[in-house]
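One structure is given here, and the rest of the page talks about it.
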2 protein chains.
Amino acid sequence: MPTMTAAQRRDQAKREYDAFLAACPSRRLLDRLSDKWVTLVLAALARGDRRYSELAREIAGVSQKMLTQTLRNMERDGMVTRTVTPTVPVTVDYALTDLGRSLQGVMQHVKDWAEAHIDDIEVAREEYDSRQ
Amino acid sequence: MPTMTAAQRRDQAKREYDAFLAACPSRRLLDRLSDKWVTLVLAALARGDRRYSELAREIAGVSQKMLTQTLRNMERDGMVTRTVTPTVPVTVDYALTDLGRSLQGVMQHVKDWAEAHIDDIEVAREEYDSRQ
DNA sequence: CGGAATCCTGCCTGATACTG
DNA sequence: CAGTATCAGGCAGGATTCCG
């Protein structure tokens with residue numbers, strides 16, 4: 001009785017795909033980096049340790065929610081350390097770990113590429129749009 | 001009459017922020033890369049030209065919609081070329097441009113980093129979670 | 001100061017169906 | 001084969017409020 005066979009095959013494929021995804025290092029990192037705030041936090045901390053409010057000011061446009069969430073995830077991933085100093089009011093400092101610094105070095109190349117080639121992209125885009 | 005002053009200030013700040021964003025090369029590129037399919041398409045095409053269906057098979061988990069959308073955007077950005085051969089049925093080949101190859105070279109470093117360090121991240125994460 | 005919690009909206013994405 | 005069109009839902013992310 002092959003009822004639902006098509007749906008079952010799809011589910012099967014999906015499970016295999018998920019397993020494949022979970023086993024692929026590149027994709028797991030890409031999932032992390034596709035959160036663009038991660039890269040911006042890395043860049044900010046590369047210039048030195050920062051307090052929460054300093055990061056919020058330096059990374060224009062990030063909401064408190066996203067900044068907190070990003071920092072939590074990065075702490076969880078061993079990219080940054082979080083140091084609470086029980087003053088009044090409390091101060092919280094963030095710093096890169098060795099792992100974070102290592103990744104930042106790689107992302108720096110991406111940033112350099114962006115500054116060198118983003119104009120080419122803009123030009124290509126305008127030409128594409130002008131051809132309808 | 002300072003009615004709506006707070007809201008107006010927010011709007012003003014938002015407009016300034018948008019203008020700032022539009023002027024920042026790194027962020028514009030990050031916006032593109034935060035679409036993770038872009039990186040995967042770059043990697044696939046780096047191994048040689050591909051037809052649409054080949055890409056769909058090679059990049060497991062991408063929907064037709066997202067693949068088409070990603071390819072369109074990348075073509076618009078001058079990263080890939082799209083060549084239609086009017087056979088029956090029609091064949092469409094995608095290839096990297098020089099710009100695309102250049103970016104792919106940079107992203108290759110990211111991929112290498114991922115394969116070298118993703119385990120460190122996993123370990124850090126498990127330790128973080130085990131500490132509640 | 002540095003968050004946590006809540007609500008709520010948009011759009012991102014996948015599923016499905018149709019076309020040349 | 002290589003798409004386009006349409007619909008639906010899920011959740012990313014913003015705004016707001018409250019707390020230690």
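Residue numbers start at 1 in each chain; chains themselves are named A, B, ... in the order of the structure tokens; ligands are numbered from 1 in the order shown.
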
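For C:DC18, the residues within 12 Å (counting only C-alpha atoms (C1' of nucleotides), excluding itself and residues fewer than 3 positions away along the chain) are D:DG3, D:DT4, D:DA5, D:DT6.
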
Compile a residue-level contact table for chain C against chain A at a cut-off of 12 Å, reporting for every qualifying residue the shortest atom pair and its distance in Å to one decimal, with only C-alpha atoms (C1' of nucleotides) counted, rows ordered by chain and ascending number, as JSON lines.
{"residue": "C:DC1", "atom": "C1'", "partner": "A:Pro89", "partner_atom": "CA", "distance": 5.4}
{"residue": "C:DG2", "atom": "C1'", "partner": "A:Tyr52", "partner_atom": "CA", "distance": 7.0}
{"residue": "C:DG3", "atom": "C1'", "partner": "A:Thr68", "partner_atom": "CA", "distance": 7.7}
{"residue": "C:DA4", "atom": "C1'", "partner": "A:Lys65", "partner_atom": "CA", "distance": 9.4}
{"residue": "C:DA5", "atom": "C1'", "partner": "A:Lys65", "partner_atom": "CA", "distance": 10.8}
{"residue": "C:DA15", "atom": "C1'", "partner": "A:Arg10", "partner_atom": "CA", "distance": 11.6}

Chain B residues near chain A within 10 Å, closest pair each, using only C-alpha atoms, as a Markdown table:
| residue | atom | partner | partner_atom | distance |
| --- | --- | --- | --- | --- |
| B:Ala13 | CA | A:Gly61 | CA | 9.4 |
| B:Lys14 | CA | A:Gly61 | CA | 8.0 |
| B:Tyr17 | CA | A:Gly61 | CA | 6.6 |
| B:Asp18 | CA | A:Gly61 | CA | 8.5 |
| B:Phe20 | CA | A:Ala60 | CA | 8.7 |
| B:Leu21 | CA | A:Ala60 | CA | 8.6 |
| B:Cys24 | CA | A:Glu115 | CA | 8.6 |
| B:Pro25 | CA | A:Glu115 | CA | 5.5 |
| B:Ser26 | CA | A:Ala114 | CA | 5.3 |
| B:Arg27 | CA | A:Lys36 | CA | 8.2 |
| B:Arg28 | CA | A:Ile118 | CA | 7.7 |
| B:Leu29 | CA | A:Ala114 | CA | 5.9 |
| B:Leu30 | CA | A:Lys36 | CA | 6.2 |
| B:Asp31 | CA | A:Lys36 | CA | 7.1 |
| B:Arg32 | CA | A:Ser34 | CA | 9.5 |
| B:Leu33 | CA | A:Ser34 | CA | 6.9 |
| B:Ser34 | CA | A:Ser34 | CA | 4.0 |
| B:Asp35 | CA | A:Ser34 | CA | 6.4 |
| B:Lys36 | CA | A:Ser34 | CA | 6.1 |
| B:Trp37 | CA | A:Leu30 | CA | 9.4 |
| B:Thr39 | CA | A:Leu30 | CA | 8.3 |
| B:Leu40 | CA | A:Arg27 | CA | 8.5 |
| B:Ala60 | CA | A:Tyr17 | CA | 6.7 |
| B:Gly61 | CA | A:Tyr17 | CA | 6.5 |
| B:Asn73 | CA | A:Arg125 | CA | 8.9 |
| B:Met74 | CA | A:Arg125 | CA | 9.4 |
| B:Glu75 | CA | A:Tyr128 | CA | 8.3 |
| B:Arg76 | CA | A:Arg125 | CA | 5.1 |
| B:Asp77 | CA | A:Ile121 | CA | 5.0 |
| B:Gly78 | CA | A:Ala124 | CA | 5.2 |
| B:Met79 | CA | A:Ile121 | CA | 8.0 |
| B:Leu99 | CA | A:Asp120 | CA | 8.0 |
| B:Gly100 | CA | A:Ile121 | CA | 9.9 |
| B:Ser102 | CA | A:Trp113 | CA | 8.6 |
| B:Leu103 | CA | A:Trp113 | CA | 7.4 |
| B:Gly105 | CA | A:Val110 | CA | 9.9 |
| B:Val106 | CA | A:Val110 | CA | 6.3 |
| B:Met107 | CA | A:Val110 | CA | 7.4 |
| B:Gln108 | CA | A:Ser26 | CA | 9.9 |
| B:His109 | CA | A:Val106 | CA | 6.8 |
| B:Val110 | CA | A:Val106 | CA | 6.3 |
| B:Lys111 | CA | A:Ser26 | CA | 5.4 |
| B:Asp112 | CA | A:Ser26 | CA | 8.0 |
| B:Trp113 | CA | A:Leu103 | CA | 7.3 |
| B:Ala114 | CA | A:Ser26 | CA | 5.3 |
| B:Glu115 | CA | A:Pro25 | CA | 5.5 |
| B:Ala116 | CA | A:Pro25 | CA | 8.7 |
| B:His117 | CA | A:Leu99 | CA | 8.0 |
| B:Ile118 | CA | A:Pro25 | CA | 6.0 |
| B:Asp119 | CA | A:Pro25 | CA | 8.2 |
| B:Asp120 | CA | A:Gly78 | CA | 7.9 |
| B:Ile121 | CA | A:Asp77 | CA | 5.0 |
| B:Glu122 | CA | A:Asp77 | CA | 7.0 |
| B:Val123 | CA | A:Asp77 | CA | 8.2 |
| B:Ala124 | CA | A:Gly78 | CA | 5.2 |
| B:Arg125 | CA | A:Asp77 | CA | 5.0 |
| B:Glu126 | CA | A:Arg76 | CA | 8.3 |
| B:Glu127 | CA | A:Arg76 | CA | 8.4 |
| B:Tyr128 | CA | A:Arg76 | CA | 5.6 |
| B:Asp129 | CA | A:Arg76 | CA | 7.7 |

*Hey, what does DSSP flag as strand (DSSP E) within chain A? Can you give it to me as a list in words?*
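Put together, the selection reads Arg50, Arg51, Val80, Thr81, Arg82, Thr83, Val84, Thr85, Thr91, Val92, Asp93, Tyr94, Ala95 and Leu96 of chain A.
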
*Counting only C-alpha atoms (C1' of nucleotides), which residues from chain D have an atom at most 10 Å from any atom of chain A, and could you show them as an NGL selection string?*
:D and (12-15 or 20)

_Just to confirm, what's the straight-line distance from atom C1' of C:DG20 to atom CA of B:Arg50 in Å (one decimal)?_
22.0 Å

_Neighbour list for A:Ala44 as a PyMOL selection string, cut-off 10 Å, only C-alpha atoms (C1' of nucleotides), skip fewer than 4 positions in-chain_ = chain A and resi 38-40+48-50+54-55+58-59+95-96+104

Can I get the selected residues back with N, CA, C and O atoms, as a short mmCIF file (atom, residue, chain, number, x, y, z; two decimals), in the first residue's frame?
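Wrote again.cif, looks like this:
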data_model
loop_
_atom_site.label_atom_id
_atom_site.label_comp_id
_atom_site.auth_asym_id
_atom_site.auth_seq_id
_atom_site.Cartn_x
_atom_site.Cartn_y
_atom_site.Cartn_z
N VAL A 38 27.73 39.49 13.23
CA VAL A 38 28.91 38.78 13.73
C VAL A 38 30.17 39.41 13.17
O VAL A 38 31.12 39.72 13.89
N THR A 39 30.18 39.61 11.88
CA THR A 39 31.36 40.18 11.23
C THR A 39 31.65 41.59 11.73
O THR A 39 32.80 41.96 11.96
N LEU A 40 30.59 42.36 11.93
CA LEU A 40 30.78 43.73 12.39
C LEU A 40 31.29 43.77 13.83
O LEU A 40 32.12 44.61 14.17
N GLY A 48 40.16 46.51 19.70
CA GLY A 48 40.34 46.58 21.14
C GLY A 48 39.08 46.15 21.87
O GLY A 48 38.00 46.06 21.29
N ASP A 49 39.21 45.87 23.17
CA ASP A 49 38.05 45.47 23.95
C ASP A 49 37.01 46.58 23.97
O ASP A 49 37.35 47.76 23.83
N ARG A 50 35.78 46.17 24.14
CA ARG A 50 34.69 47.14 24.12
C ARG A 50 33.65 46.81 25.18
O ARG A 50 33.41 45.65 25.47
N GLU A 54 29.57 50.71 24.18
CA GLU A 54 30.49 51.15 23.14
C GLU A 54 30.21 50.43 21.82
O GLU A 54 30.21 51.04 20.74
N LEU A 55 29.96 49.12 21.93
CA LEU A 55 29.63 48.36 20.73
C LEU A 55 28.33 48.88 20.10
O LEU A 55 28.24 49.05 18.89
N GLU A 58 29.15 52.01 18.32
CA GLU A 58 30.08 51.88 17.20
C GLU A 58 29.44 51.18 16.00
O GLU A 58 29.75 51.50 14.86
N ILE A 59 28.57 50.22 16.29
CA ILE A 59 27.92 49.48 15.21
C ILE A 59 26.56 50.11 14.97
O ILE A 59 25.55 49.67 15.51
N ALA A 95 35.71 40.90 24.75
CA ALA A 95 37.02 40.82 24.09
C ALA A 95 37.05 39.60 23.19
O ALA A 95 36.34 38.62 23.43
N LEU A 96 37.89 39.65 22.17
CA LEU A 96 38.04 38.50 21.29
C LEU A 96 38.88 37.42 21.96
O LEU A 96 39.84 37.71 22.68
N GLN A 104 38.56 36.65 12.71
CA GLN A 104 38.56 38.06 12.29
C GLN A 104 39.61 38.30 11.21
O GLN A 104 39.38 39.07 10.27
#
